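One structure is given here, and the rest of the page talks about it.
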Amino acid sequence: MDLSLILDVDNLTVGPRAHGTPPILDGISFRLHTSEIFGIYAESGGGKTVLSRALADWLPDSLTYRAGRVLFAGHDTLKKTSTSTFKVGRDIAYIGSKPQSSLDPTMPVGVQIAEKLHSVRPEWNPKECRERVIQLLGEVRIPSPAERYYEYPSKFSGGMMQRAMIVDAICAEPAVLIADNITQPLDVTIAAQIVALLHDLCLRHKMATIYLTSSLPILGQFGKRTAVLHHGRFVEQQPFEQLIAAPQTEAARSAIDSVPRIWSAGEGPPVRRHAEGEAPLMRVAGVHRTYRQRKRGTFNTYRNIQAVRGVTLDIMPRENFGIVGESGCGKSTLTRMLAWLETPDTGTLVLGGTDLAKLSPRELIRKRNEFQLLLQDPYTALPPRTTVGRMIEESLRIRGGIPRKEMRTKVTAAMAEVGLPAKLYDALPNALSTGERQRISIARALILDPKLLILDETLSAIDQREQSKLIDLFSRLQAKNDLTYVFISHDLAMVRKVCTRIAVMYLGEMVEIADNRDLFFDPQHPYTKALLSAAPTLEEKPFNAADFLLEGEPPSPIDIPPGCSFASRCPKAFGRCRVETPRLREHQPGRFAACHLLDSAEAETAAA
Amino acid sequence: MLILEFLVKRILQGFLIIGITSFIIFTLLRVVPGDPVRLIVGGMAPPDVVEKVATKMGLRDPIVVQYGRYMVGLLQGDLGQSYLRPRSGMVAAGGQYVDPTKSDMAPVTDLILERLPVTLQLGGVALVFALLISFPVGIAGGLRQNGWPNTLAFAVQSLFVSIPNFWLAIVLILFLSVKLNWLPALGYQGFSYVILPALVLSVEIAPFIIRTLTTSFGEVMQAPFIDEARVRGLSRRRIVYAHALRNAAVPLVNLLGIQLSTLIGGVLVIEYIFDYPGLGNLTVVSVVGRDFPVIQGIAITTSAVFVFINIIVDLVAYLIDPRVEL
Ligand SMILES: Nc1ncnc2c1ncn2[C@@H]1O[C@H](COP(=O)(O)OP(=O)(O)O)[C@@H](O)[C@H]1O
Ligand code: SF4
Ligand SMILES: [Mg+2]
């Protein structure tokens, strides 16, 4: 017998309890040896979670094993015998994709991990368990682990919580670790850290690891055996490089094709139609927004959450302006200010020469037609049984002043413009696809003849085909109606595809603003480089990605350190960065960045 | 430190609430028709005697002055004297003349202090009974949302809600006390006298607890962290009792704070039925006899109890779930 063989899965078939339903997993077989890493790709809904649960003897009540065996070190884990020594949580451990809801919210994180450890390893006493957990929390690079041990789940960010869940999984020294889409909810720079960390831990703790993901590029980090799970079967199994270079099946090919491309994207960014002597459509100058939040349990001590800290930018007519950044960087706050749903504490917004703060309420209502925020999901804000036509009409009604009769013609015209068939006028939106719903949102905005459309994460959650159709629609509308777009997104590939100019945001500030090509092929700011390095693509990157793997998490917007806000994570930080805040400056024509390194580089060129 | 700050803040708030309540009660009682002096001196007393007594008692001063005087007394623990009850504890008969300005009337503070513990005992025992009934039924019902325990929980709830308390009281007295002679029924001469009224009261409270427990328990059992606890290797017992119960308890504790007013209303009726000498009974008698100082004193005491219990409830909720805002 092969001694290092730890998991032997044979013809595993799982399906709903109801008879006559097709199986979800259909004859899965594989073997896993000690210390081996096995990557499994499946698109979302492809059966990753069901497979993980089936392996850990943890099927939900609605599902059942229909055939097959799972042998752990020679023992059949699915047969309940009193002599079985196999224990879930100790021998096989699981990490899932929802770290924030994996632990009891009413108890400290460390305490719960130690509780688990003591339950599966009763031979270790509580003190040992506690010490081991603290030591491991340190090992996964959670700062001040002894204090964090006593903090509650709600105090942990997504990335921190996922680290804690890794500790939870590995603390009992499992022989097999199942990682089910563990980076799915995380920002790219954090996800990259977690993957690197997990890889390192697997090797050091000699755990056999099954890494399931819906992001093919991540499996490249491990480079080992990779399987494609499609319709419940392993349709292909190869080392990663070979799989990418020579996929054998249609499923693998389409998986590779659906990975977004940034640098090798065929179509270049669209070009803005210039005009002589243009003025910016929107000028954002020195905009700040700070939220005051009462400190817990105090009468009148407040803390200031600085969400947006001095953003200045010009948006030119007919431009596709992109704003990218990771969660919590202030994108949404900035969006609400651009749409004038929230007013800046200081700073001004000038639209087409008019300072929005100076308008009377009545003038403002009229002015609002010119800039529209495209809601991500307007359906929740409207009564459930509102028809499509009525929904689009609604935005006209709110503005008022249009006779009933004309409304219908205007609405049908707008529907035609966004490619919604007229017969949908009386339909209810719940039967519509995401793409069609997006079109309703666009029609709602368009009917008011806007000049500027603000789109918050609009194109991120829809599939590639629908996305390109909408992108086409946007550029058609732009050509026809002289539209300007602002796209706010965390999705670099989307921004690369549609935006002419892009601003990168970090901790409430713009760290770099540049044209599409410049930003992606010659990024100036270390954070931009880090962001691009972490982007999950299968391409060669135009710079050495390994140089820009970030450590740690962004500081909280409550206590922003002096100096450069990126200094705590910047791989290039030097003395000056911690004392002096770099200003956003135009180092080369049309390319702005806020970094001291660029100043020094400039000084050198000047001196030479 | 957070807890200390919380306590200081809430106690100050509590004083404010009690102050406002007492002022409202004070004003209302003076505005309602019916001159209490008439009651005190008896129907046959001549008008000049009425006026004399009233002036002597300060009942002809402006309300604010009266209130101020009352509050000064309150701060010294003096809630005034009953109009009707002499010190002996006997209710003065309407016709006979007792001089209420003299000190032979019972101080309200004494009356209340004598009865408050008896009532608190009733409330406490009733709550314990209710929890004892509700926990097994509610938890089982929450654990098996689609099984017979859930049906049982629902049945118990509906049954309890539909039983009128006076009927239950009579039936219990008839069987447990008259027929079987197990428990004493009326009055109060020791702990065993609490049991019957507490049982009736607990039947009134239990349905709310059962319902909250079944729903919140059912919800918590669906939570991802309960599901994942299994694959993390925790035993079923730990999952249910250490985690699910703890999470389900938060809504329950809050409910108890809110249901307190129902509980107080229930105490009133049940004490009267069982002739149980607590605050509820005193209230009924005092309202009937227009014994204003006593009514006022009870109102203030009740609001203080209310404030106090709500502080405890919030504190307990915080200790169970630290995310709760203090
Ligand atoms: N408890 C369940 N009962 C019935 N079908 C399920 C259950 N869980 C998942 N499925 C189905 O199994 C398939 C695979 O789901 P899942 O494993 O969650 O995919 P993934 O984790 O790859 O996103 C989906 O079609 C899903 O609808
Ligand atoms: S200023 Fe310093 S810390 Fe900030 S990005 Fe530049 S090198 Fe990094
Ligand atoms: Mg999944």
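Letters for chains follow the order of the structure tokens (A, B, ...), residue numbers begin at 1 for each chain, and ligand numbers begin at 1 in the order shown.
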Notebook entry, point to check: Could you pull the residues within 12 Å of Ile18 of chain B, counting only C-alpha atoms, minus those fewer than 4 positions along the same chain, as number ranges by chain?
Noted result: B: 11-14, 22-26, 71, 74, 296-308
Can those selected residues be exported to a file as an mmCIF file, in the first residue's frame so that it contains N, CA and C atoms?
```cif
data_model
loop_
_atom_site.group_PDB
_atom_site.id
_atom_site.type_symbol
_atom_site.label_atom_id
_atom_site.label_comp_id
_atom_site.auth_asym_id
_atom_site.auth_seq_id
_atom_site.Cartn_x
_atom_site.Cartn_y
_atom_site.Cartn_z
ATOM 1 N N ILE B 11 -28.782 55.456 34.545
ATOM 2 C CA ILE B 11 -29.410 55.768 35.830
ATOM 3 C C ILE B 11 -29.856 57.227 35.853
ATOM 4 N N LEU B 12 -29.020 58.097 35.287
ATOM 5 C CA LEU B 12 -29.423 59.501 35.204
ATOM 6 C C LEU B 12 -30.699 59.639 34.371
ATOM 7 N N GLN B 13 -30.672 58.955 33.224
ATOM 8 C CA GLN B 13 -31.855 58.958 32.364
ATOM 9 C C GLN B 13 -33.068 58.462 33.136
ATOM 10 N N GLY B 14 -32.851 57.404 33.911
ATOM 11 C CA GLY B 14 -33.917 56.795 34.690
ATOM 12 C C GLY B 14 -34.550 57.800 35.640
ATOM 13 N N SER B 22 -43.757 60.974 37.430
ATOM 14 C CA SER B 22 -44.403 61.370 38.676
ATOM 15 C C SER B 22 -45.135 62.697 38.494
ATOM 16 N N PHE B 23 -44.567 63.588 37.703
ATOM 17 C CA PHE B 23 -45.240 64.868 37.494
ATOM 18 C C PHE B 23 -46.571 64.680 36.767
ATOM 19 N N ILE B 24 -46.525 63.821 35.732
ATOM 20 C CA ILE B 24 -47.752 63.582 34.968
ATOM 21 C C ILE B 24 -48.824 62.971 35.875
ATOM 22 N N ILE B 25 -48.440 61.965 36.629
ATOM 23 C CA ILE B 25 -49.390 61.301 37.523
ATOM 24 C C ILE B 25 -49.946 62.313 38.523
ATOM 25 N N PHE B 26 -49.037 63.089 39.080
ATOM 26 C CA PHE B 26 -49.394 64.069 40.091
ATOM 27 C C PHE B 26 -50.442 65.033 39.545
ATOM 28 N N MET B 71 -41.912 66.427 45.908
ATOM 29 C CA MET B 71 -40.601 65.955 45.471
ATOM 30 C C MET B 71 -39.577 66.061 46.584
ATOM 31 N N LEU B 74 -40.113 63.226 48.595
ATOM 32 C CA LEU B 74 -39.693 62.009 47.891
ATOM 33 C C LEU B 74 -38.197 61.775 48.051
ATOM 34 N N GLN B 296 -50.141 57.515 43.719
ATOM 35 C CA GLN B 296 -48.941 58.201 43.262
ATOM 36 C C GLN B 296 -47.675 57.434 43.603
ATOM 37 N N GLY B 297 -47.608 56.997 44.822
ATOM 38 C CA GLY B 297 -46.423 56.264 45.288
ATOM 39 C C GLY B 297 -46.220 54.995 44.478
ATOM 40 N N ILE B 298 -47.333 54.298 44.222
ATOM 41 C CA ILE B 298 -47.214 53.057 43.449
ATOM 42 C C ILE B 298 -46.744 53.359 42.037
ATOM 43 N N ALA B 299 -47.305 54.422 41.442
ATOM 44 C CA ALA B 299 -46.910 54.765 40.076
ATOM 45 C C ALA B 299 -45.414 55.040 40.010
ATOM 46 N N ILE B 300 -44.930 55.788 40.981
ATOM 47 C CA ILE B 300 -43.498 56.108 40.970
ATOM 48 C C ILE B 300 -42.668 54.849 41.179
ATOM 49 N N THR B 301 -43.089 54.011 42.105
ATOM 50 C CA THR B 301 -42.347 52.779 42.342
ATOM 51 C C THR B 301 -42.322 51.921 41.081
ATOM 52 N N THR B 302 -43.500 51.801 40.448
ATOM 53 C CA THR B 302 -43.563 50.978 39.250
ATOM 54 C C THR B 302 -42.622 51.503 38.178
ATOM 55 N N SER B 303 -42.630 52.829 37.983
ATOM 56 C CA SER B 303 -41.760 53.337 36.924
ATOM 57 C C SER B 303 -40.305 53.113 37.301
ATOM 58 N N ALA B 304 -39.979 53.183 38.583
ATOM 59 C CA ALA B 304 -38.594 52.927 38.981
ATOM 60 C C ALA B 304 -38.222 51.477 38.696
ATOM 61 N N VAL B 305 -39.137 50.558 39.046
ATOM 62 C CA VAL B 305 -38.877 49.147 38.777
ATOM 63 C C VAL B 305 -38.679 48.927 37.286
ATOM 64 N N PHE B 306 -39.557 49.570 36.530
ATOM 65 C CA PHE B 306 -39.502 49.461 35.078
ATOM 66 C C PHE B 306 -38.151 49.902 34.540
ATOM 67 N N VAL B 307 -37.734 51.077 34.953
ATOM 68 C CA VAL B 307 -36.453 51.620 34.511
ATOM 69 C C VAL B 307 -35.320 50.677 34.906
ATOM 70 N N PHE B 308 -35.365 50.247 36.137
ATOM 71 C CA PHE B 308 -34.302 49.386 36.651
ATOM 72 C C PHE B 308 -34.208 48.085 35.852
#
```
Note to self: Give me, as a VMD selection string, the residues of chain B touching chain A, with the criterion being at most 6 Å (counting only C-alpha atoms).
What the structure shows: chain B and resid 2 225 231 to 233 321 326
Check: Using only C-alpha atoms, which residues sit within 8 Å of segment 262-271 of chain B once same-chain residues fewer than 4 positions away are excluded, as an MDAnalysis selection string?
Finding: chainID B and resid 119 123 165:166 197 200:201 204:205 275:281 283:284
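The residues sitting within 7 Å of ligand 3, with only C-alpha atoms and all ligand atoms considered, come out as Ser44, Gly45, Lys48, Thr49, Asp180 and Asn181 of chain A.
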Taking only C-alpha atoms and all ligand atoms into account, list the residues no farther than 6 Å from ligand 2, as a PDB file with all heavy atoms, in the first residue's frame.
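Generated file (out.pdb):
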```
ATOM      1  N   PRO A 526       3.325  53.035  -6.719  1.00  0.00           N
ATOM      2  CA  PRO A 526       3.477  51.665  -6.216  1.00  0.00           C
ATOM      3  C   PRO A 526       2.150  50.960  -5.955  1.00  0.00           C
ATOM      4  O   PRO A 526       2.046  49.754  -6.172  1.00  0.00           O
ATOM      5  CB  PRO A 526       4.261  51.852  -4.914  1.00  0.00           C
ATOM      6  CG  PRO A 526       5.002  53.116  -5.083  1.00  0.00           C
ATOM      7  CD  PRO A 526       4.151  53.983  -5.964  1.00  0.00           C
ATOM      8  N   CYS A 564       2.648  59.558   3.726  1.00  0.00           N
ATOM      9  CA  CYS A 564       1.941  58.912   2.633  1.00  0.00           C
ATOM     10  C   CYS A 564       1.006  57.852   3.199  1.00  0.00           C
ATOM     11  O   CYS A 564       1.409  57.034   4.023  1.00  0.00           O
ATOM     12  CB  CYS A 564       2.941  58.268   1.684  1.00  0.00           C
ATOM     13  SG  CYS A 564       2.144  57.319   0.380  1.00  0.00           S
ATOM     14  N   PHE A 566      -0.104  55.319   1.963  1.00  0.00           N
ATOM     15  CA  PHE A 566       0.211  53.976   1.506  1.00  0.00           C
ATOM     16  C   PHE A 566       1.483  53.434   2.168  1.00  0.00           C
ATOM     17  O   PHE A 566       1.849  52.276   1.996  1.00  0.00           O
ATOM     18  CB  PHE A 566       0.371  54.003  -0.025  1.00  0.00           C
ATOM     19  CG  PHE A 566       0.516  52.650  -0.653  1.00  0.00           C
ATOM     20  CD1 PHE A 566      -0.409  51.639  -0.399  1.00  0.00           C
ATOM     21  CD2 PHE A 566       1.574  52.388  -1.510  1.00  0.00           C
ATOM     22  CE1 PHE A 566      -0.272  50.389  -0.985  1.00  0.00           C
ATOM     23  CE2 PHE A 566       1.713  51.133  -2.101  1.00  0.00           C
ATOM     24  CZ  PHE A 566       0.791  50.134  -1.835  1.00  0.00           C
ATOM     25  N   ALA A 567       2.136  54.292   2.960  1.00  0.00           N
ATOM     26  CA  ALA A 567       3.469  53.929   3.465  1.00  0.00           C
ATOM     27  C   ALA A 567       3.466  52.632   4.266  1.00  0.00           C
ATOM     28  O   ALA A 567       4.432  51.866   4.230  1.00  0.00           O
ATOM     29  CB  ALA A 567       4.039  55.069   4.304  1.00  0.00           C
ATOM     30  N   CYS A 570       3.618  49.968   1.529  1.00  0.00           N
ATOM     31  CA  CYS A 570       4.367  50.184   0.297  1.00  0.00           C
ATOM     32  C   CYS A 570       5.715  49.478   0.341  1.00  0.00           C
ATOM     33  O   CYS A 570       6.497  49.672   1.266  1.00  0.00           O
ATOM     34  CB  CYS A 570       4.588  51.675   0.088  1.00  0.00           C
ATOM     35  SG  CYS A 570       5.496  52.044  -1.413  1.00  0.00           S
ATOM     36  N   LYS A 572       8.184  50.133  -1.373  1.00  0.00           N
ATOM     37  CA  LYS A 572       9.265  51.062  -1.707  1.00  0.00           C
ATOM     38  C   LYS A 572       9.386  52.198  -0.689  1.00  0.00           C
ATOM     39  O   LYS A 572      10.119  53.150  -0.928  1.00  0.00           O
ATOM     40  CB  LYS A 572       9.012  51.704  -3.084  1.00  0.00           C
ATOM     41  CG  LYS A 572       8.776  50.740  -4.196  1.00  0.00           C
ATOM     42  CD  LYS A 572      10.100  50.262  -4.784  1.00  0.00           C
ATOM     43  CE  LYS A 572       9.839  49.313  -5.940  1.00  0.00           C
ATOM     44  NZ  LYS A 572      10.675  48.127  -5.932  1.00  0.00           N
ATOM     45  N   ALA A 573       8.620  52.130   0.389  1.00  0.00           N
ATOM     46  CA  ALA A 573       8.574  53.266   1.307  1.00  0.00           C
ATOM     47  C   ALA A 573       9.967  53.589   1.860  1.00  0.00           C
ATOM     48  O   ALA A 573      10.778  52.702   2.085  1.00  0.00           O
ATOM     49  CB  ALA A 573       7.617  52.975   2.449  1.00  0.00           C
ATOM     50  N   PHE A 574      10.233  54.859   2.050  1.00  0.00           N
ATOM     51  CA  PHE A 574      11.496  55.277   2.669  1.00  0.00           C
ATOM     52  C   PHE A 574      11.205  56.382   3.676  1.00  0.00           C
ATOM     53  O   PHE A 574      10.031  56.758   3.873  1.00  0.00           O
ATOM     54  CB  PHE A 574      12.509  55.708   1.605  1.00  0.00           C
ATOM     55  CG  PHE A 574      12.050  56.806   0.698  1.00  0.00           C
ATOM     56  CD1 PHE A 574      12.539  58.103   0.848  1.00  0.00           C
ATOM     57  CD2 PHE A 574      11.117  56.543  -0.310  1.00  0.00           C
ATOM     58  CE1 PHE A 574      12.121  59.113   0.003  1.00  0.00           C
ATOM     59  CE2 PHE A 574      10.685  57.564  -1.152  1.00  0.00           C
ATOM     60  CZ  PHE A 574      11.181  58.844  -1.005  1.00  0.00           C
ATOM     61  N   CYS A 577       8.585  59.198   3.381  1.00  0.00           N
ATOM     62  CA  CYS A 577       7.185  58.806   3.189  1.00  0.00           C
ATOM     63  C   CYS A 577       6.388  58.868   4.475  1.00  0.00           C
ATOM     64  O   CYS A 577       5.186  59.039   4.459  1.00  0.00           O
ATOM     65  CB  CYS A 577       7.114  57.398   2.637  1.00  0.00           C
ATOM     66  SG  CYS A 577       8.051  57.183   1.135  1.00  0.00           S
ATOM     67  N   PRO A 582       2.757  62.962   0.113  1.00  0.00           N
ATOM     68  CA  PRO A 582       3.038  63.319  -1.288  1.00  0.00           C
ATOM     69  C   PRO A 582       1.798  63.923  -1.940  1.00  0.00           C
ATOM     70  O   PRO A 582       0.687  63.488  -1.662  1.00  0.00           O
ATOM     71  CB  PRO A 582       3.401  61.981  -1.929  1.00  0.00           C
ATOM     72  CG  PRO A 582       2.733  60.958  -1.077  1.00  0.00           C
ATOM     73  CD  PRO A 582       2.667  61.505   0.306  1.00  0.00           C
ATOM     74  N   CYS A 595       3.495  60.382  -5.262  1.00  0.00           N
ATOM     75  CA  CYS A 595       4.511  59.521  -4.669  1.00  0.00           C
ATOM     76  C   CYS A 595       5.842  60.255  -4.655  1.00  0.00           C
ATOM     77  O   CYS A 595       6.241  60.842  -5.654  1.00  0.00           O
ATOM     78  CB  CYS A 595       4.632  58.229  -5.464  1.00  0.00           C
ATOM     79  SG  CYS A 595       5.991  57.198  -4.915  1.00  0.00           S
ATOM     80  N   HIS A 596       6.535  60.193  -3.515  1.00  0.00           N
ATOM     81  CA  HIS A 596       7.823  60.880  -3.398  1.00  0.00           C
ATOM     82  C   HIS A 596       8.868  60.302  -4.327  1.00  0.00           C
ATOM     83  O   HIS A 596       9.765  60.991  -4.766  1.00  0.00           O
ATOM     84  CB  HIS A 596       8.332  60.787  -1.960  1.00  0.00           C
ATOM     85  CG  HIS A 596       7.482  61.533  -0.986  1.00  0.00           C
ATOM     86  ND1 HIS A 596       7.041  62.807  -1.236  1.00  0.00           N
ATOM     87  CD2 HIS A 596       6.997  61.199   0.224  1.00  0.00           C
ATOM     88  CE1 HIS A 596       6.316  63.219  -0.211  1.00  0.00           C
ATOM     89  NE2 HIS A 596       6.269  62.254   0.689  1.00  0.00           N
ATOM     90  N   LEU A 597       8.738  59.002  -4.615  1.00  0.00           N
ATOM     91  CA  LEU A 597       9.719  58.370  -5.492  1.00  0.00           C
ATOM     92  C   LEU A 597       9.794  59.097  -6.826  1.00  0.00           C
ATOM     93  O   LEU A 597      10.867  59.255  -7.401  1.00  0.00           O
ATOM     94  CB  LEU A 597       9.311  56.927  -5.769  1.00  0.00           C
ATOM     95  CG  LEU A 597       9.760  55.853  -4.809  1.00  0.00           C
ATOM     96  CD1 LEU A 597       9.330  54.509  -5.348  1.00  0.00           C
ATOM     97  CD2 LEU A 597      11.268  55.911  -4.626  1.00  0.00           C
TER      98      LEU A 597
END
```
Within 9 Å of ligand 1 (only C-alpha atoms and all ligand atoms), residues as a PDB file with C-alpha atoms, in the first residue's frame:
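Contents of selection02.pdb, freshly written:
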```
ATOM      1  CA  GLY A  15     -27.442  14.189  -5.712  1.00  0.00           C
ATOM      2  CA  PRO A  16     -30.626  15.522  -4.220  1.00  0.00           C
ATOM      3  CA  ARG A  17     -32.615  13.099  -2.088  1.00  0.00           C
ATOM      4  CA  PRO A  23     -26.727  13.951  -9.771  1.00  0.00           C
ATOM      5  CA  ILE A  24     -24.711  17.039  -8.842  1.00  0.00           C
ATOM      6  CA  LEU A  25     -21.447  15.120  -8.576  1.00  0.00           C
ATOM      7  CA  TYR A  41     -11.562  24.711 -11.161  1.00  0.00           C
ATOM      8  CA  ALA A  42     -15.319  24.988 -11.576  1.00  0.00           C
ATOM      9  CA  GLU A  43     -17.422  27.961 -12.535  1.00  0.00           C
ATOM     10  CA  SER A  44     -19.777  29.262  -9.917  1.00  0.00           C
ATOM     11  CA  GLY A  45     -22.555  26.767  -9.310  1.00  0.00           C
ATOM     12  CA  GLY A  46     -20.272  24.106 -10.743  1.00  0.00           C
ATOM     13  CA  GLY A  47     -20.278  21.928  -7.645  1.00  0.00           C
ATOM     14  CA  LYS A  48     -17.250  23.088  -5.656  1.00  0.00           C
ATOM     15  CA  THR A  49     -19.105  23.480  -2.414  1.00  0.00           C
ATOM     16  CA  VAL A  50     -21.023  20.242  -2.845  1.00  0.00           C
ATOM     17  CA  LEU A  51     -17.766  18.383  -3.519  1.00  0.00           C
ATOM     18  CA  SER A  52     -16.111  19.943  -0.466  1.00  0.00           C
ATOM     19  CA  ARG A  53     -19.018  18.999   1.709  1.00  0.00           C
ATOM     20  CA  LEU A  59     -23.665  17.094   3.063  1.00  0.00           C
ATOM     21  CA  PRO A  60     -26.690  19.326   3.644  1.00  0.00           C
ATOM     22  CA  ASP A  61     -29.893  17.475   4.504  1.00  0.00           C
ATOM     23  CA  SER A  62     -31.296  17.851   1.016  1.00  0.00           C
ATOM     24  CA  LEU A  63     -28.398  15.983  -0.612  1.00  0.00           C
ATOM     25  CA  ASP A 180     -13.446  26.216  -1.129  1.00  0.00           C
ATOM     26  CA  ASN A 181     -13.217  29.461  -3.072  1.00  0.00           C
ATOM     27  CA  LEU A 212     -11.291  24.703  -5.264  1.00  0.00           C
ATOM     28  CA  THR A 213     -11.849  27.976  -7.030  1.00  0.00           C
ATOM     29  CA  SER A 214     -13.801  29.710  -9.745  1.00  0.00           C
ATOM     30  CA  LEU A 229     -14.993  20.147 -12.770  1.00  0.00           C
ATOM     31  CA  HIS A 231     -21.378  19.283 -14.913  1.00  0.00           C
ATOM     32  CA  GLY A 232     -20.351  17.249 -11.889  1.00  0.00           C
TER      33      GLY A 232
END
```
Notebook entry, point to check: Can you tell me, as number ranges by chain, what residues are no more than 9 Å from Val253 of chain B when counting only C-alpha atoms, ignoring any on the same chain fewer than 2 positions away?
Noted result: B: 249-251, 255-258, 313-314, 316-317
Checklist line | DSSP alpha helix (DSSP H) selection over segment 78-155 of chain A, as a ChimeraX atom specification | finding: /A:109-120,126-139,145-148
Check: Hey, what's within 6 Å of Ala106 of chain B if we count only C-alpha atoms and toss same-chain stuff fewer than 6 positions away? As an MDAnalysis selection string, please?
Finding: chainID B and resid 81:82 85:87
Filtering to all heavy atoms, could you give me those residues as an mmCIF file, in the first residue's frame?
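This is the output file selection30.cif:
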```cif
data_model
loop_
_atom_site.group_PDB
_atom_site.id
_atom_site.type_symbol
_atom_site.label_atom_id
_atom_site.label_comp_id
_atom_site.auth_asym_id
_atom_site.auth_seq_id
_atom_site.Cartn_x
_atom_site.Cartn_y
_atom_site.Cartn_z
ATOM 1 N N GLN B 81 -48.724 60.460 53.265
ATOM 2 C CA GLN B 81 -49.490 59.493 54.044
ATOM 3 C C GLN B 81 -50.765 59.132 53.325
ATOM 4 O O GLN B 81 -51.338 59.932 52.584
ATOM 5 C CB GLN B 81 -49.831 60.113 55.401
ATOM 6 C CG GLN B 81 -48.624 60.179 56.307
ATOM 7 C CD GLN B 81 -48.937 60.879 57.599
ATOM 8 O OE1 GLN B 81 -49.883 61.655 57.674
ATOM 9 N NE2 GLN B 81 -48.148 60.615 58.611
ATOM 10 N N SER B 82 -51.198 57.931 53.583
ATOM 11 C CA SER B 82 -52.443 57.473 52.971
ATOM 12 C C SER B 82 -53.590 58.312 53.493
ATOM 13 O O SER B 82 -53.571 58.775 54.622
ATOM 14 C CB SER B 82 -52.651 56.005 53.305
ATOM 15 O OG SER B 82 -53.966 55.637 53.004
ATOM 16 N N ARG B 85 -55.831 54.798 55.022
ATOM 17 C CA ARG B 85 -55.375 53.720 55.874
ATOM 18 C C ARG B 85 -54.719 54.264 57.137
ATOM 19 O O ARG B 85 -53.698 54.941 57.057
ATOM 20 C CB ARG B 85 -54.350 52.866 55.131
ATOM 21 C CG ARG B 85 -54.996 51.994 54.108
ATOM 22 C CD ARG B 85 -53.959 51.422 53.178
ATOM 23 N NE ARG B 85 -54.628 50.684 52.135
ATOM 24 C CZ ARG B 85 -54.858 49.377 52.217
ATOM 25 N NH1 ARG B 85 -54.451 48.688 53.256
ATOM 26 N NH2 ARG B 85 -55.491 48.761 51.253
ATOM 27 N N PRO B 86 -55.276 53.935 58.258
ATOM 28 C CA PRO B 86 -54.616 54.289 59.508
ATOM 29 C C PRO B 86 -53.416 53.382 59.728
ATOM 30 O O PRO B 86 -53.256 52.375 59.045
ATOM 31 C CB PRO B 86 -55.691 54.053 60.568
ATOM 32 C CG PRO B 86 -56.679 53.142 59.941
ATOM 33 C CD PRO B 86 -56.541 53.221 58.473
ATOM 34 N N ARG B 87 -52.582 53.734 60.650
ATOM 35 C CA ARG B 87 -51.361 52.975 60.897
ATOM 36 C C ARG B 87 -51.608 51.505 61.194
ATOM 37 O O ARG B 87 -50.836 50.644 60.858
ATOM 38 C CB ARG B 87 -50.618 53.577 62.086
ATOM 39 C CG ARG B 87 -49.722 54.704 61.655
ATOM 40 C CD ARG B 87 -48.710 55.031 62.721
ATOM 41 N NE ARG B 87 -48.070 56.292 62.419
ATOM 42 C CZ ARG B 87 -47.028 56.381 61.601
ATOM 43 N NH1 ARG B 87 -46.535 55.315 61.050
ATOM 44 N NH2 ARG B 87 -46.486 57.552 61.353
#
```
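Residues within 10 Å of Asp76 of chain A, counting only C-alpha atoms and excluding same-chain residues fewer than 6 positions away, are A:Leu7, A:Asp8, A:Val9, A:Arg69, A:Val70, A:Ser84, A:Phe86.
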Generate the output file for the selected residues, N, CA, C and O atoms, as a tab-separated table (two decimals), in the first residue's frame.
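Final file, result_25.tsv:
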```tsv
chain	number	residue	atom	x	y	z
A	7	LEU	N	-5.90	10.39	0.85
A	7	LEU	CA	-7.31	10.44	0.50
A	7	LEU	C	-7.52	9.71	-0.81
A	7	LEU	O	-6.82	9.96	-1.79
A	8	ASP	N	-8.48	8.78	-0.80
A	8	ASP	CA	-8.75	8.02	-2.01
A	8	ASP	C	-10.24	8.11	-2.29
A	8	ASP	O	-11.05	7.53	-1.57
A	9	VAL	N	-10.59	8.88	-3.30
A	9	VAL	CA	-12.00	9.10	-3.61
A	9	VAL	C	-12.34	8.28	-4.84
A	9	VAL	O	-11.65	8.35	-5.85
A	69	ARG	N	-17.03	5.92	-2.64
A	69	ARG	CA	-16.39	5.84	-1.33
A	69	ARG	C	-15.44	7.01	-1.17
A	69	ARG	O	-14.90	7.53	-2.15
A	70	VAL	N	-15.21	7.39	0.06
A	70	VAL	CA	-14.13	8.33	0.37
A	70	VAL	C	-13.28	7.65	1.43
A	70	VAL	O	-13.73	7.42	2.55
A	84	SER	N	-14.52	3.73	14.12
A	84	SER	CA	-13.88	4.69	13.23
A	84	SER	C	-13.18	5.78	14.03
A	84	SER	O	-13.74	6.33	14.98
A	86	PHE	N	-11.75	8.35	12.45
A	86	PHE	CA	-11.74	9.54	11.62
A	86	PHE	C	-12.61	10.63	12.24
A	86	PHE	O	-13.69	10.38	12.73
```
